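Visitor: Got a structure for you, target-v4.cif, holding mmCIF, C-alpha atoms.
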```cif
data_entry
loop_
_atom_site.label_atom_id
_atom_site.label_comp_id
_atom_site.auth_asym_id
_atom_site.auth_seq_id
_atom_site.Cartn_x
_atom_site.Cartn_y
_atom_site.Cartn_z
CA THR T 1 45.71 32.71 82.57
CA ILE T 2 43.57 32.72 79.43
CA ILE T 3 42.66 29.32 78.09
CA ALA T 4 41.76 29.23 74.40
CA PRO T 5 38.62 27.28 73.64
CA LYS T 6 39.06 24.01 71.85
CA VAL T 7 37.87 23.92 68.26
CA TRP T 8 36.60 20.58 67.15
CA SER T 9 37.03 19.65 63.50
CA VAL T 10 34.17 17.53 62.29
CA GLY T 11 34.69 15.60 59.07
CA VAL T 12 31.71 15.07 56.80
CA ALA T 13 31.75 12.01 54.54
CA PHE T 14 29.89 12.27 51.22
CA LYS T 15 28.63 9.18 49.44
CA PRO T 16 29.19 9.24 45.69
CA SER T 17 25.96 9.55 43.74
CA PRO T 18 24.88 6.35 41.97
CA PRO T 19 25.22 6.46 38.20
CA ALA T 20 22.10 7.62 36.41
CA ALA T 21 20.00 4.76 35.11
CA ASP T 22 19.64 4.39 31.37
CA PRO T 23 16.28 5.52 30.04
CA THR T 24 13.76 2.85 29.13
CA CYS T 25 12.34 2.79 25.62
CA ILE T 26 9.18 1.12 24.36
CA CYS T 27 8.26 -0.65 21.13
CA SER T 28 4.61 -1.29 20.35
CA HIS T 29 5.19 -4.00 17.74
CA GLY T 30 8.59 -5.43 18.54
CA THR T 31 11.56 -5.37 20.94
CA PRO T 32 12.77 -1.97 22.22
CA VAL T 33 16.39 -0.86 22.20
CA VAL T 34 18.16 -0.93 25.58
CA GLY T 35 21.09 0.81 27.28
CA SER T 36 22.70 3.81 25.69
CA ALA T 37 20.84 3.11 22.45
CA CYS T 38 17.69 4.43 24.14
CA LEU T 39 17.97 8.19 23.86
CA GLN T 40 14.96 9.32 25.90
CA GLN T 41 12.74 7.86 28.60
CA GLY T 42 9.58 6.42 27.10
CA ALA T 43 10.67 6.98 23.50
CA GLU T 44 9.38 4.57 20.83
CA MET T 45 12.63 3.04 19.55
CA CYS T 46 12.75 -0.54 18.32
CA GLN T 47 15.63 -2.98 18.10
CA SER T 48 13.62 -5.50 16.08
CA CYS T 49 10.04 -5.85 14.86
CA ASP T 50 7.36 -8.51 15.13
CA ASN T 51 6.72 -10.58 12.05
CA GLY T 52 5.21 -8.45 9.29
CA TYR T 53 6.26 -5.11 10.79
CA GLU T 54 9.28 -3.06 9.77
CA THR T 55 10.99 0.22 10.56
CA GLY T 56 12.14 1.08 7.08
CA LEU T 57 15.61 1.85 8.53
CA SER T 58 18.90 0.03 8.02
CA VAL T 59 19.84 0.50 11.72
CA PRO T 60 17.85 -0.05 14.95
CA GLY T 61 15.94 2.83 16.47
CA GLY T 62 12.91 3.28 14.28
CA VAL T 63 9.23 2.70 14.95
CA CYS T 64 7.81 -0.65 13.86
CA ALA T 65 4.89 -0.14 11.49
CA LEU T 66 2.93 -2.09 8.93
CA PRO T 67 4.44 -1.84 5.45
CA ILE T 68 0.94 -1.45 3.98
CA ASP T 69 -2.13 0.64 4.83
CA LEU T 70 -4.88 -0.53 7.13
CA CYS T 71 -8.00 -1.27 5.11
CA GLU T 72 -10.05 1.17 7.17
CA ASP T 73 -7.66 4.00 6.26
CA ILE T 74 -8.27 3.62 2.53
CA PRO T 75 -10.82 6.10 1.11
CA VAL T 76 -14.21 4.49 0.55
CA ASN T 77 -14.93 6.47 -2.60
CA PRO T 78 -12.17 6.07 -5.21
CA ALA T 79 -11.50 8.54 -7.98
CA PRO T 80 -13.96 8.59 -10.90
CA GLY T 81 -13.52 5.57 -13.12
CA VAL T 82 -11.37 3.68 -10.57
CA CYS T 83 -12.55 0.34 -9.23
CA PHE T 84 -11.12 -2.47 -7.10
CA GLU T 85 -11.76 -6.21 -7.13
CA GLN T 86 -10.63 -8.47 -4.30
CA LEU T 87 -8.29 -11.19 -5.54
CA GLY T 88 -7.82 -13.01 -2.24
CA PHE T 89 -6.33 -12.75 1.23
CA VAL T 90 -3.90 -14.31 3.69
CA SER T 91 -4.81 -14.55 7.38
CA GLY T 92 -1.94 -14.42 9.89
CA GLN T 93 1.61 -15.40 9.08
CA GLY T 94 2.43 -17.21 5.89
CA SER T 95 2.22 -16.42 2.23
CA ALA T 96 0.18 -17.37 -0.80
CA GLN T 97 0.17 -16.95 -4.54
CA ILE T 98 -3.20 -15.96 -5.96
CA ASP T 99 -3.98 -16.66 -9.60
CA GLU T 100 -6.74 -14.74 -11.32
CA THR T 101 -7.81 -15.16 -14.93
CA TRP T 102 -9.32 -12.21 -16.78
CA ALA T 103 -11.40 -12.81 -19.90
CA ARG T 104 -10.85 -10.35 -22.70
CA THR T 105 -13.87 -8.77 -24.35
CA ARG T 106 -14.01 -8.74 -28.14
CA THR T 107 -14.52 -5.11 -29.08
CA SER T 108 -14.01 -5.37 -32.83
CA GLU T 109 -17.69 -4.69 -33.55
CA TRP T 110 -18.00 -1.77 -31.16
CA GLU T 111 -18.62 1.52 -32.96
CA ALA T 112 -16.04 3.37 -30.84
CA CYS T 113 -13.31 0.99 -32.02
CA ALA T 114 -14.27 0.94 -35.70
CA GLY T 115 -11.30 1.91 -37.84
CA ILE T 116 -8.87 2.04 -34.91
CA GLN T 117 -5.79 -0.13 -35.26
CA VAL T 118 -5.09 -2.68 -32.56
CA GLY T 119 -3.21 -1.15 -29.62
CA LYS T 120 -3.78 2.49 -30.56
CA GLN T 121 -4.76 5.06 -27.94
CA VAL T 122 -8.31 6.09 -27.22
CA CYS T 123 -9.19 9.34 -25.46
CA VAL T 124 -11.49 9.03 -22.47
CA GLY T 125 -12.89 11.56 -20.01
CA ALA T 126 -13.95 10.83 -16.44
CA GLU T 127 -17.53 11.34 -15.36
CA SER T 128 -18.42 12.82 -11.98
CA GLU T 129 -19.40 9.43 -10.60
CA MET T 130 -18.08 6.01 -11.57
CA ASN T 131 -17.51 5.53 -15.27
CA ALA T 132 -15.34 7.19 -17.83
CA VAL T 133 -16.71 7.87 -21.31
CA ILE T 134 -14.92 7.86 -24.62
CA ALA T 135 -14.66 11.44 -25.83
CA GLN T 136 -12.97 10.78 -29.16
CA ALA T 137 -10.88 8.15 -30.87
CA THR T 138 -7.39 8.94 -32.11
CA VAL T 139 -4.08 7.39 -32.98
CA SER T 140 -2.17 10.18 -31.24
CA ALA T 141 -1.86 10.45 -27.44
CA GLU T 142 -1.10 14.16 -27.74
CA ALA T 143 -4.47 14.77 -29.38
CA CYS T 144 -6.21 13.69 -26.18
CA GLY T 145 -5.09 16.83 -24.40
CA SER T 146 -5.93 16.66 -20.68
CA LEU T 147 -8.08 13.53 -21.04
CA ASP T 148 -7.00 10.08 -19.95
CA VAL T 149 -5.48 7.83 -22.60
CA THR T 150 -5.91 4.09 -22.90
CA SER T 151 -4.80 1.54 -25.49
CA GLU T 152 -6.70 -1.27 -23.78
CA ILE T 153 -10.28 -0.74 -24.99
CA CYS T 154 -9.67 -1.45 -28.66
CA THR T 155 -6.90 -4.04 -28.37
CA ALA T 156 -9.10 -7.11 -28.90
CA SER T 157 -10.20 -6.37 -32.44
CA SER T 158 -7.89 -8.94 -34.00
CA ALA T 159 -8.96 -12.56 -34.33
CA ASP T 160 -5.59 -13.79 -33.15
CA GLU T 161 -5.72 -11.79 -29.91
CA GLU T 162 -5.67 -13.99 -26.81
CA THR T 163 -9.08 -14.28 -25.16
CA SER T 164 -7.86 -14.48 -21.56
CA ARG T 165 -4.80 -14.01 -19.39
CA THR T 166 -3.89 -15.32 -15.95
CA TYR T 167 -2.05 -13.07 -13.51
CA SER T 168 -0.22 -14.38 -10.41
CA THR T 169 -0.02 -12.19 -7.30
CA PRO T 170 2.18 -13.11 -4.28
CA VAL T 171 0.70 -12.09 -0.92
CA GLU T 172 2.75 -11.98 2.30
CA GLY T 173 0.86 -12.43 5.57
CA ILE T 174 1.29 -10.34 8.72
CA GLN T 175 1.02 -11.59 12.29
CA SER T 176 -2.44 -10.93 13.86
CA HIS T 177 -3.74 -9.44 10.61
CA THR T 178 -5.51 -10.45 7.43
CA VAL T 179 -3.86 -9.08 4.30
CA PHE T 180 -6.13 -8.45 1.31
CA ALA T 181 -4.97 -8.17 -2.29
CA CYS T 182 -7.16 -6.10 -4.62
CA ALA T 183 -6.69 -5.50 -8.32
CA GLU T 184 -7.03 -1.86 -9.29
CA GLY T 185 -8.96 -1.34 -12.49
CA ARG T 186 -10.63 1.26 -14.66
CA ASN T 187 -14.25 1.45 -15.75
CA TYR T 188 -15.20 2.91 -19.12
CA LEU T 189 -18.59 3.38 -20.72
CA VAL T 190 -18.20 2.54 -24.39
CA ASP T 191 -21.19 2.68 -26.76
CA GLY T 192 -23.47 2.18 -23.79
CA LYS T 193 -21.49 -0.88 -22.64
CA GLN T 194 -19.32 -1.01 -19.52
CA PHE T 195 -15.71 -1.97 -20.19
CA THR T 196 -13.57 -2.77 -17.14
CA THR T 197 -9.86 -3.43 -17.38
CA PHE T 198 -7.39 -4.63 -14.75
CA LYS T 199 -4.57 -5.11 -17.22
CA SER T 200 -1.98 -2.52 -16.25
CA HIS T 201 -3.09 -0.69 -13.10
CA GLY T 202 -1.45 -2.90 -10.50
CA VAL T 203 -2.47 -4.56 -7.25
CA SER T 204 -3.12 -2.81 -3.92
CA PHE T 205 -2.71 -4.41 -0.50
CA CYS T 206 -4.27 -3.54 2.86
CA ALA T 207 -4.39 -5.19 6.29
CA ARG T 208 -7.13 -5.62 8.87
CA SER T 209 -6.29 -6.58 12.47
CA HIS T 210 -7.88 -9.70 13.97
#
```
Please rewrite the model in this file as structure tokens.

Guide:
Amino acid sequence: TIIAPKVWSVGVAFKPSPPAADPTCICSHGTPVVGSACLQQGAEMCQSCDNGYETGLSVPGGVCALPIDLCEDIPVNPAPGVCFEQLGFVSGQGSAQIDETWARTRTSEWEACAGIQVGKQVCVGAESEMNAVIAQATVSAEACGSLDVTSEICTASSADEETSRTYSTPVEGIQSHTVFACAEGRNYLVDGKQFTTFKSHGVSFCARSH
């Protein structure tokens, strides 16, 4: 008699794999996104930003950054004829309004402005260093060619011109930083005299961390 060997059937139980964990994002200057909003482990993706920082995006997921340059990143040597004057600063959070009054120089007796009507353009050319020098006077901007044009140097030749003007500049503070406001101006050398104007060149802002 032949007896067939017994064959044992062994069942193997498999545990289901746990669901993969969501990646973890980081945010250097704010709160990172979480869950499925984080697309890659260790990615810089922000849900919201600390005070003073912003992503520049209308939806979460950007990198929080300062909306203005750091002061140390601004070139030390500006372009020829360009100058800056500090108006004031705000340290930390908060805001301020800085008022600065500029006195207007009477240029009616300056040789370069003789015969030029109030508000007309003057051609100026930049030197290699700091100042710009009047090259010729004209009533036509086109006649200046590639030179800079300004109508500010000879605007104070009328007796009824105002002698000063006050400008107000709002400054918004940033957490853990000092925000500086600087007026951008232009220097000109006119008849051997330095003429500096801050009238129409705007205000620049920069931040320095505490």

Visitor: Carefully work through the PyMOL selection byres ((chain T and resi 197) around 6) for this structure and note down the residues it includes, as a PyMOL selection string.

Guide: chain T and resi 185-186+196+198-199

Visitor: I need the residue nearest Val34 of chain T from this list: T:Gly61, T:Lys193, T:Glu172, T:Pro19. Use all atoms listed in the file for the distance.

Guide: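 When distances to Val34 of chain T are compared using all atoms listed in the file, the smallest one comes from T:Gly61.
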
Visitor: Nearest to Arg165 of chain T among T:Thr101, T:Ser209, T:Ser28, T:Gln86, with distances taken over only C-alpha atoms: which residue is it?

Guide: T:Thr101

Visitor: Pull out every residue that the PyMOL selection byres ((chain T and resi 180-184) around 9) matches in the shown coordinates and put them as a VMD selection string.

Guide: chain T and resid 71 82 to 91 98 169 to 171 178 to 179 185 to 186 197 to 208

Visitor: May I have the selected residues written with C-alpha atoms, as a PDB file, keeping the file's coordinate frame?

Guide:
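Result saved to result-v2.pdb:
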```
ATOM      1  CA  CYS T  71      -8.000  -1.270   5.110  1.00  0.00           C
ATOM      2  CA  VAL T  82     -11.370   3.680 -10.570  1.00  0.00           C
ATOM      3  CA  CYS T  83     -12.550   0.340  -9.230  1.00  0.00           C
ATOM      4  CA  PHE T  84     -11.120  -2.470  -7.100  1.00  0.00           C
ATOM      5  CA  GLU T  85     -11.760  -6.210  -7.130  1.00  0.00           C
ATOM      6  CA  GLN T  86     -10.630  -8.470  -4.300  1.00  0.00           C
ATOM      7  CA  LEU T  87      -8.290 -11.190  -5.540  1.00  0.00           C
ATOM      8  CA  GLY T  88      -7.820 -13.010  -2.240  1.00  0.00           C
ATOM      9  CA  PHE T  89      -6.330 -12.750   1.230  1.00  0.00           C
ATOM     10  CA  VAL T  90      -3.900 -14.310   3.690  1.00  0.00           C
ATOM     11  CA  SER T  91      -4.810 -14.550   7.380  1.00  0.00           C
ATOM     12  CA  ILE T  98      -3.200 -15.960  -5.960  1.00  0.00           C
ATOM     13  CA  THR T 169      -0.020 -12.190  -7.300  1.00  0.00           C
ATOM     14  CA  PRO T 170       2.180 -13.110  -4.280  1.00  0.00           C
ATOM     15  CA  VAL T 171       0.700 -12.090  -0.920  1.00  0.00           C
ATOM     16  CA  THR T 178      -5.510 -10.450   7.430  1.00  0.00           C
ATOM     17  CA  VAL T 179      -3.860  -9.080   4.300  1.00  0.00           C
ATOM     18  CA  GLY T 185      -8.960  -1.340 -12.490  1.00  0.00           C
ATOM     19  CA  ARG T 186     -10.630   1.260 -14.660  1.00  0.00           C
ATOM     20  CA  THR T 197      -9.860  -3.430 -17.380  1.00  0.00           C
ATOM     21  CA  PHE T 198      -7.390  -4.630 -14.750  1.00  0.00           C
ATOM     22  CA  LYS T 199      -4.570  -5.110 -17.220  1.00  0.00           C
ATOM     23  CA  SER T 200      -1.980  -2.520 -16.250  1.00  0.00           C
ATOM     24  CA  HIS T 201      -3.090  -0.690 -13.100  1.00  0.00           C
ATOM     25  CA  GLY T 202      -1.450  -2.900 -10.500  1.00  0.00           C
ATOM     26  CA  VAL T 203      -2.470  -4.560  -7.250  1.00  0.00           C
ATOM     27  CA  SER T 204      -3.120  -2.810  -3.920  1.00  0.00           C
ATOM     28  CA  PHE T 205      -2.710  -4.410  -0.500  1.00  0.00           C
ATOM     29  CA  CYS T 206      -4.270  -3.540   2.860  1.00  0.00           C
ATOM     30  CA  ALA T 207      -4.390  -5.190   6.290  1.00  0.00           C
ATOM     31  CA  ARG T 208      -7.130  -5.620   8.870  1.00  0.00           C
TER      32      ARG T 208
END
```

Visitor: Under the rule that only C-alpha atoms are counted, which of T:Ile174, T:Val122, T:Val133, T:Ala96 is the nearest residue to Cys49 of chain T?

Guide: T:Ile174

Visitor: Using the chain letters and numbers from the file, give me the residues hit by the PyMOL selection byres ((chain T and resi 192) around 12), as a list of chain:residue names.

Guide: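 Taken on the displayed file, the PyMOL selection byres ((chain T and resi 192) around 12) yields the residues T:Trp110, T:Glu111, T:Ala112, T:Asn131, T:Ala132, T:Val133, T:Ile134, T:Tyr188, T:Leu189, T:Val190, T:Asp191, T:Lys193, T:Gln194, T:Phe195.
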
Visitor: Need to verify the contact set: Gly30 of chain T, 7 Å, all atoms listed in the file, exclusion of same-chain residues closer than 3 positions in sequence. Can you return it as a PDB file with C-alpha atoms, in the coordinates of the input?

Guide:
```pdb
ATOM      1  CA  CYS T  27       8.260  -0.650  21.130  1.00  0.00           C
ATOM      2  CA  CYS T  46      12.750  -0.540  18.320  1.00  0.00           C
ATOM      3  CA  SER T  48      13.620  -5.500  16.080  1.00  0.00           C
ATOM      4  CA  CYS T  49      10.040  -5.850  14.860  1.00  0.00           C
ATOM      5  CA  ASP T  50       7.360  -8.510  15.130  1.00  0.00           C
ATOM      6  CA  CYS T  64       7.810  -0.650  13.860  1.00  0.00           C
TER       7      CYS T  64
END
```

Visitor: Please measure the separation of atom CA of Ser164 of chain T and atom CA of Thr107 of chain T, giving the value in Å to one decimal.

Guide: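 Distance reported for this atom pair: 13.7 Å.
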
Visitor: Can you tell me, as JSON, numbers by chain, which residues sit within 6 Å of (-9.6, 11.9, -23.1) in the file's frame, using all atoms listed in the file?

Guide: {"T": [123, 124, 125, 135, 144, 147, 148, 149]}

Visitor: Using all atoms listed in the file, list the residues that have an atom at most 7 Å from (-6.0, -10.3, 14.5), coordinates as in the file, as a short mmCIF file (atom, residue, chain, number, x, y, z; two decimals) with C-alpha atoms, keeping the file's coordinate frame.

Guide:
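Final output, selection00.cif:
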```cif
data_model
loop_
_atom_site.label_atom_id
_atom_site.label_comp_id
_atom_site.auth_asym_id
_atom_site.auth_seq_id
_atom_site.Cartn_x
_atom_site.Cartn_y
_atom_site.Cartn_z
CA SER T 176 -2.44 -10.93 13.86
CA HIS T 177 -3.74 -9.44 10.61
CA SER T 209 -6.29 -6.58 12.47
CA HIS T 210 -7.88 -9.70 13.97
#
```

Visitor: Taking into account all atoms listed in the file, which residue in the set T:Asn77, T:Gln47, T:Gln41, T:Ser108 is nearest to His29 of chain T?

Guide: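 Between T:Asn77, T:Gln47, T:Gln41, T:Ser108, the residue approaching His29 of chain T most closely is T:Gln47.
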
Visitor: Can you measure atom CA of Val63 of chain T to atom CA of Gly42 of chain T for me? One decimal in Å is fine.

Guide: 12.7 Å

Visitor: Report, in Å with one decimal, the straight-line distance from atom CA of Thr105 of chain T to atom CA of Glu142 of chain T.

Guide: 26.5 Å

Visitor: I want to know what sits within 8 Å of Gly62 of chain T, based on only C-alpha atoms, with residues of the same chain fewer than 4 positions away left out; could you give that as a PyMOL selection string?

Guide: chain T and resi 44-47+55-57
